[in-house]
Amino acid sequence: MSSSSSDAEFQGYSERTLAIIKPEAYEDAEAILDAIIDNGFVILAKRHVRMSPEQAAELYKGHYGSHHFPHLVAHMSSGPCIAMVLAATNCIQKWNTLMGPARVLEAQAYWPDSLRASYGRRTKYGDYFNGLHGSKNHAESVREIHFFFPDMIVGPLLRHWQVKDYIQKYITPTLLPAVTALAHERPAEPILWLAEHLRRHNPNEPELAPQPPEQREEARCHTPEPSEQSVPFTKIK
């Protein structure tokens, strides 16, 4: 792989977002997943979930106080969903564009090729469920990804040249002399020897400046010798 294509690959993973296929679009999940991949996203993680009302309320706590909040919580906990972590260049904006406007009628009128235009569903009350969810900004993507994938590391992946630069700057100066010394010593337990050598030559270990001799003794409390000036006070009757 060439350097430019390698950099492009790492740049492509530099942003992540949470995507949810909501209950009303669950049956269309296979087609939606195909559309996600066809549009250049990488699905880093995926899980099928069914949220409780309490979990749905926590996920959508930013909508708390709005008139549609109870209906949103009830709907999101009414059936199975698919939660995914997507990665791509400008992933958050790109996913929101692919989804289309939150209002399905607007999506069908002005973004007919968007996913919400295709997979939004009309409810029995005449309004629409839009079928999909996406994080609106980076802070929300971090919170929402950790809601479903608490062990997921959210952040840009380093490019090849950044990895090489880090190794050259921070790892090689410490590891290379240690491995060289290991080759000369040839100890019976090379792994233990190397671990101890690295511990003793840790560049991050703070070095203490030598103390003057008079400061090396431990400070002790000394009881002063009694003198004429320190005769105990006697109360005069």
# chains A, B, ... in the order shown; residues from 1 in each chain; ligands from 1
>>> select_by_dssp(residues="range 43-93 of chain A", states="strand (DSSP E or B)", output="list in words")
Ile43, Leu44, Ala45, Lys46, Arg47, His48, Val49, Cys81, Ile82, Ala83, Met84, Val85, Leu86, Ala87 and Ala88 of chain A
>>> closest_residue(among="A:Ile43, A:Cys81, A:Leu59, A:Leu176", to="Leu132 in chain A", atoms="only C-alpha atoms")
A:Cys81
>>> closest_residue(among="A:Glu54, A:Ala109, A:Ala88, A:Phe149", to="Phe41 in chain A", atoms="only C-alpha atoms")
A:Ala88
>>> select_by_dssp(residues="range 80-130 of chain A", states="alpha helix (DSSP H)", output="PyMOL selection string")
chain A and resi 91-99+104-110+115-119
>>> closest_atom_pairs(of="range 63-162 of chain A", to="range 19-24 of chain A", cutoff="9 Å", atoms="only C-alpha atoms", output="tab-separated table")
residue	atom	partner	partner_atom	distance
A:His75	CA	A:Pro23	CA	7.8
A:Met76	CA	A:Pro23	CA	6.8
A:Ser77	CA	A:Pro23	CA	8.4
A:Ser78	CA	A:Pro23	CA	7.2
A:Gly79	CA	A:Pro23	CA	5.1
A:Pro80	CA	A:Pro23	CA	5.4
A:Cys81	CA	A:Lys22	CA	5.0
A:Ile82	CA	A:Ile21	CA	5.0
A:Ala83	CA	A:Ile20	CA	4.5
A:Met84	CA	A:Ala19	CA	5.1
A:Val85	CA	A:Ala19	CA	6.3
A:Leu86	CA	A:Ala19	CA	6.9
A:Trp95	CA	A:Ala19	CA	8.1
A:Tyr119	CA	A:Glu24	CA	8.2
A:Gly120	CA	A:Glu24	CA	7.6
A:Arg121	CA	A:Glu24	CA	6.6
A:Phe129	CA	A:Glu24	CA	7.1
A:Asn130	CA	A:Glu24	CA	8.2
A:Gly131	CA	A:Lys22	CA	5.1
A:Leu132	CA	A:Ile21	CA	4.9
A:His133	CA	A:Ile20	CA	4.9
A:Gly134	CA	A:Ala19	CA	4.7
A:Ser135	CA	A:Ala19	CA	7.1
A:Ile145	CA	A:Ala19	CA	8.9
>>> write_last_selection(atoms="C-alpha atoms", output="CSV table (one decimal), in the first residue's frame")
chain,number,residue,atom,x,y,z
A,75,HIS,CA,-41.3,4.2,21.2
A,76,MET,CA,-37.6,3.5,21.6
A,77,SER,CA,-38.3,0.9,24.3
A,78,SER,CA,-41.2,-0.7,22.3
A,79,GLY,CA,-39.0,-3.1,20.2
A,80,PRO,CA,-35.5,-4.2,19.2
A,81,CYS,CA,-33.0,-1.7,17.8
A,82,ILE,CA,-29.5,-2.1,16.3
A,83,ALA,CA,-26.8,0.2,17.8
A,84,MET,CA,-23.7,0.7,15.7
A,85,VAL,CA,-20.4,2.6,15.8
A,86,LEU,CA,-19.6,4.0,12.4
A,95,TRP,CA,-24.1,10.1,8.5
A,119,TYR,CA,-37.5,3.8,5.9
A,120,GLY,CA,-39.5,6.3,7.9
A,121,ARG,CA,-42.9,4.9,9.0
A,129,PHE,CA,-41.2,7.7,13.0
A,130,ASN,CA,-38.0,8.5,11.1
A,131,GLY,CA,-36.3,5.1,11.5
A,132,LEU,CA,-32.8,6.1,12.3
A,133,HIS,CA,-30.7,8.0,14.9
A,134,GLY,CA,-27.3,9.7,14.7
A,135,SER,CA,-25.2,11.7,17.1
A,145,ILE,CA,-21.1,5.3,22.0
>>> closest_residue(among="A:Phe148, A:Ile36, A:Val142, A:Gln168", to="Arg50 in chain A", atoms="only C-alpha atoms")
A:Phe148
>>> closest_residue(among="A:Asn39, A:Glu144, A:Val104, A:Asn137", to="Tyr60 in chain A", atoms="only C-alpha atoms")
A:Glu144
>>> atom_distance(atom1="CA of Pro101 in chain A", atom2="CA of Ala117 in chain A")
8.5 Å
>>> closest_residue(among="A:Tyr128, A:Gln93, A:His160, A:Arg200", to="His71 in chain A", atoms="only C-alpha atoms")
A:Tyr128
>>> residues_around(residues="Ala107 in chain A", least_positions_apart="4", cutoff="10 Å", atoms="only C-alpha atoms", output="VMD selection string")
chain A and resid 99 to 103 111 to 118 120 130
>>> write_last_selection(atoms="all heavy atoms", output="mmCIF file, in the first residue's frame")
data_model
loop_
_atom_site.group_PDB
_atom_site.id
_atom_site.type_symbol
_atom_site.label_atom_id
_atom_site.label_comp_id
_atom_site.auth_asym_id
_atom_site.auth_seq_id
_atom_site.Cartn_x
_atom_site.Cartn_y
_atom_site.Cartn_z
ATOM 1 N N MET A 99 -28.750 10.054 6.467
ATOM 2 C CA MET A 99 -30.061 9.836 7.102
ATOM 3 C C MET A 99 -31.110 10.775 6.531
ATOM 4 O O MET A 99 -32.252 10.377 6.304
ATOM 5 C CB MET A 99 -29.962 10.047 8.616
ATOM 6 C CG MET A 99 -29.281 8.952 9.379
ATOM 7 S SD MET A 99 -29.553 9.137 11.169
ATOM 8 C CE MET A 99 -28.812 10.749 11.455
ATOM 9 N N GLY A 100 -30.742 12.043 6.347
ATOM 10 C CA GLY A 100 -31.710 13.037 5.901
ATOM 11 C C GLY A 100 -32.351 13.762 7.074
ATOM 12 O O GLY A 100 -32.054 13.485 8.239
ATOM 13 N N PRO A 101 -33.255 14.705 6.784
ATOM 14 C CA PRO A 101 -33.909 15.483 7.846
ATOM 15 C C PRO A 101 -34.684 14.599 8.818
ATOM 16 O O PRO A 101 -35.152 13.511 8.467
ATOM 17 C CB PRO A 101 -34.853 16.407 7.075
ATOM 18 C CG PRO A 101 -34.299 16.458 5.690
ATOM 19 C CD PRO A 101 -33.683 15.119 5.450
ATOM 20 N N ALA A 102 -34.819 15.100 10.049
ATOM 21 C CA ALA A 102 -35.537 14.336 11.074
ATOM 22 C C ALA A 102 -37.011 14.179 10.719
ATOM 23 O O ALA A 102 -37.633 13.166 11.055
ATOM 24 C CB ALA A 102 -35.377 15.018 12.429
ATOM 25 N N ARG A 103 -37.592 15.166 10.056
ATOM 26 C CA ARG A 103 -38.994 15.076 9.649
ATOM 27 C C ARG A 103 -39.093 14.289 8.341
ATOM 28 O O ARG A 103 -38.518 14.669 7.326
ATOM 29 C CB ARG A 103 -39.592 16.472 9.474
ATOM 30 C CG ARG A 103 -39.629 17.287 10.770
ATOM 31 C CD ARG A 103 -40.258 18.649 10.536
ATOM 32 N NE ARG A 103 -40.285 19.436 11.752
ATOM 33 C CZ ARG A 103 -41.242 19.361 12.677
ATOM 34 N NH1 ARG A 103 -42.268 18.535 12.490
ATOM 35 N NH2 ARG A 103 -41.187 20.105 13.759
ATOM 36 N N TRP A 111 -35.111 15.358 0.140
ATOM 37 C CA TRP A 111 -33.997 14.400 0.106
ATOM 38 C C TRP A 111 -34.562 12.999 -0.118
ATOM 39 O O TRP A 111 -34.485 12.131 0.753
ATOM 40 C CB TRP A 111 -33.206 14.447 1.408
ATOM 41 C CG TRP A 111 -32.318 15.637 1.533
ATOM 42 C CD1 TRP A 111 -31.017 15.744 1.127
ATOM 43 C CD2 TRP A 111 -32.655 16.901 2.126
ATOM 44 N NE1 TRP A 111 -30.523 16.990 1.413
ATOM 45 C CE2 TRP A 111 -31.511 17.734 2.040
ATOM 46 C CE3 TRP A 111 -33.816 17.432 2.721
ATOM 47 C CZ2 TRP A 111 -31.490 19.027 2.514
ATOM 48 C CZ3 TRP A 111 -33.797 18.723 3.198
ATOM 49 C CH2 TRP A 111 -32.661 19.511 3.082
ATOM 50 N N PRO A 112 -35.154 12.763 -1.268
ATOM 51 C CA PRO A 112 -35.849 11.488 -1.503
ATOM 52 C C PRO A 112 -34.936 10.263 -1.470
ATOM 53 O O PRO A 112 -35.416 9.146 -1.286
ATOM 54 C CB PRO A 112 -36.473 11.674 -2.892
ATOM 55 C CG PRO A 112 -35.636 12.726 -3.548
ATOM 56 C CD PRO A 112 -35.210 13.650 -2.446
ATOM 57 N N ASP A 113 -33.631 10.463 -1.648
ATOM 58 C CA ASP A 113 -32.701 9.338 -1.615
ATOM 59 C C ASP A 113 -32.149 9.064 -0.214
ATOM 60 O O ASP A 113 -31.352 8.133 -0.041
ATOM 61 C CB ASP A 113 -31.525 9.589 -2.563
ATOM 62 C CG ASP A 113 -31.972 9.647 -4.025
ATOM 63 O OD1 ASP A 113 -32.951 8.959 -4.358
ATOM 64 O OD2 ASP A 113 -31.341 10.379 -4.818
ATOM 65 N N SER A 114 -32.557 9.866 0.757
ATOM 66 C CA SER A 114 -32.053 9.670 2.114
ATOM 67 C C SER A 114 -32.699 8.441 2.750
ATOM 68 O O SER A 114 -33.761 7.966 2.326
ATOM 69 C CB SER A 114 -32.318 10.911 2.973
ATOM 70 O OG SER A 114 -33.706 11.103 3.146
ATOM 71 N N LEU A 115 -32.049 7.923 3.790
ATOM 72 C CA LEU A 115 -32.558 6.719 4.451
ATOM 73 C C LEU A 115 -33.879 6.982 5.162
ATOM 74 O O LEU A 115 -34.767 6.113 5.170
ATOM 75 C CB LEU A 115 -31.515 6.201 5.445
ATOM 76 C CG LEU A 115 -30.188 5.709 4.837
ATOM 77 C CD1 LEU A 115 -29.248 5.231 5.927
ATOM 78 C CD2 LEU A 115 -30.447 4.595 3.828
ATOM 79 N N ARG A 116 -34.031 8.147 5.756
ATOM 80 C CA ARG A 116 -35.288 8.444 6.455
ATOM 81 C C ARG A 116 -36.448 8.587 5.477
ATOM 82 O O ARG A 116 -37.585 8.260 5.814
ATOM 83 C CB ARG A 116 -35.123 9.705 7.308
ATOM 84 C CG ARG A 116 -34.376 9.449 8.610
ATOM 85 C CD ARG A 116 -34.019 10.710 9.332
ATOM 86 N NE ARG A 116 -33.517 10.445 10.683
ATOM 87 C CZ ARG A 116 -32.855 11.332 11.417
ATOM 88 N NH1 ARG A 116 -32.602 12.544 10.913
ATOM 89 N NH2 ARG A 116 -32.449 11.018 12.631
ATOM 90 N N ALA A 117 -36.165 9.074 4.285
ATOM 91 C CA ALA A 117 -37.216 9.144 3.273
ATOM 92 C C ALA A 117 -37.665 7.752 2.867
ATOM 93 O O ALA A 117 -38.843 7.524 2.566
ATOM 94 C CB ALA A 117 -36.714 9.925 2.056
ATOM 95 N N SER A 118 -36.724 6.807 2.876
ATOM 96 C CA SER A 118 -37.040 5.448 2.438
ATOM 97 C C SER A 118 -37.617 4.581 3.547
ATOM 98 O O SER A 118 -38.488 3.741 3.299
ATOM 99 C CB SER A 118 -35.779 4.782 1.879
ATOM 100 O OG SER A 118 -35.253 5.508 0.792
ATOM 101 N N GLY A 120 -38.629 5.734 6.886
ATOM 102 C CA GLY A 120 -39.515 6.327 7.884
ATOM 103 C C GLY A 120 -40.894 5.681 7.806
ATOM 104 O O GLY A 120 -41.333 5.259 6.737
ATOM 105 N N ASN A 130 -38.948 8.312 12.217
ATOM 106 C CA ASN A 130 -37.984 8.507 11.129
ATOM 107 C C ASN A 130 -37.006 7.357 10.925
ATOM 108 O O ASN A 130 -36.175 7.397 10.028
ATOM 109 C CB ASN A 130 -37.223 9.827 11.310
ATOM 110 C CG ASN A 130 -36.439 9.885 12.608
ATOM 111 O OD1 ASN A 130 -36.067 8.862 13.174
ATOM 112 N ND2 ASN A 130 -36.179 11.102 13.083
#
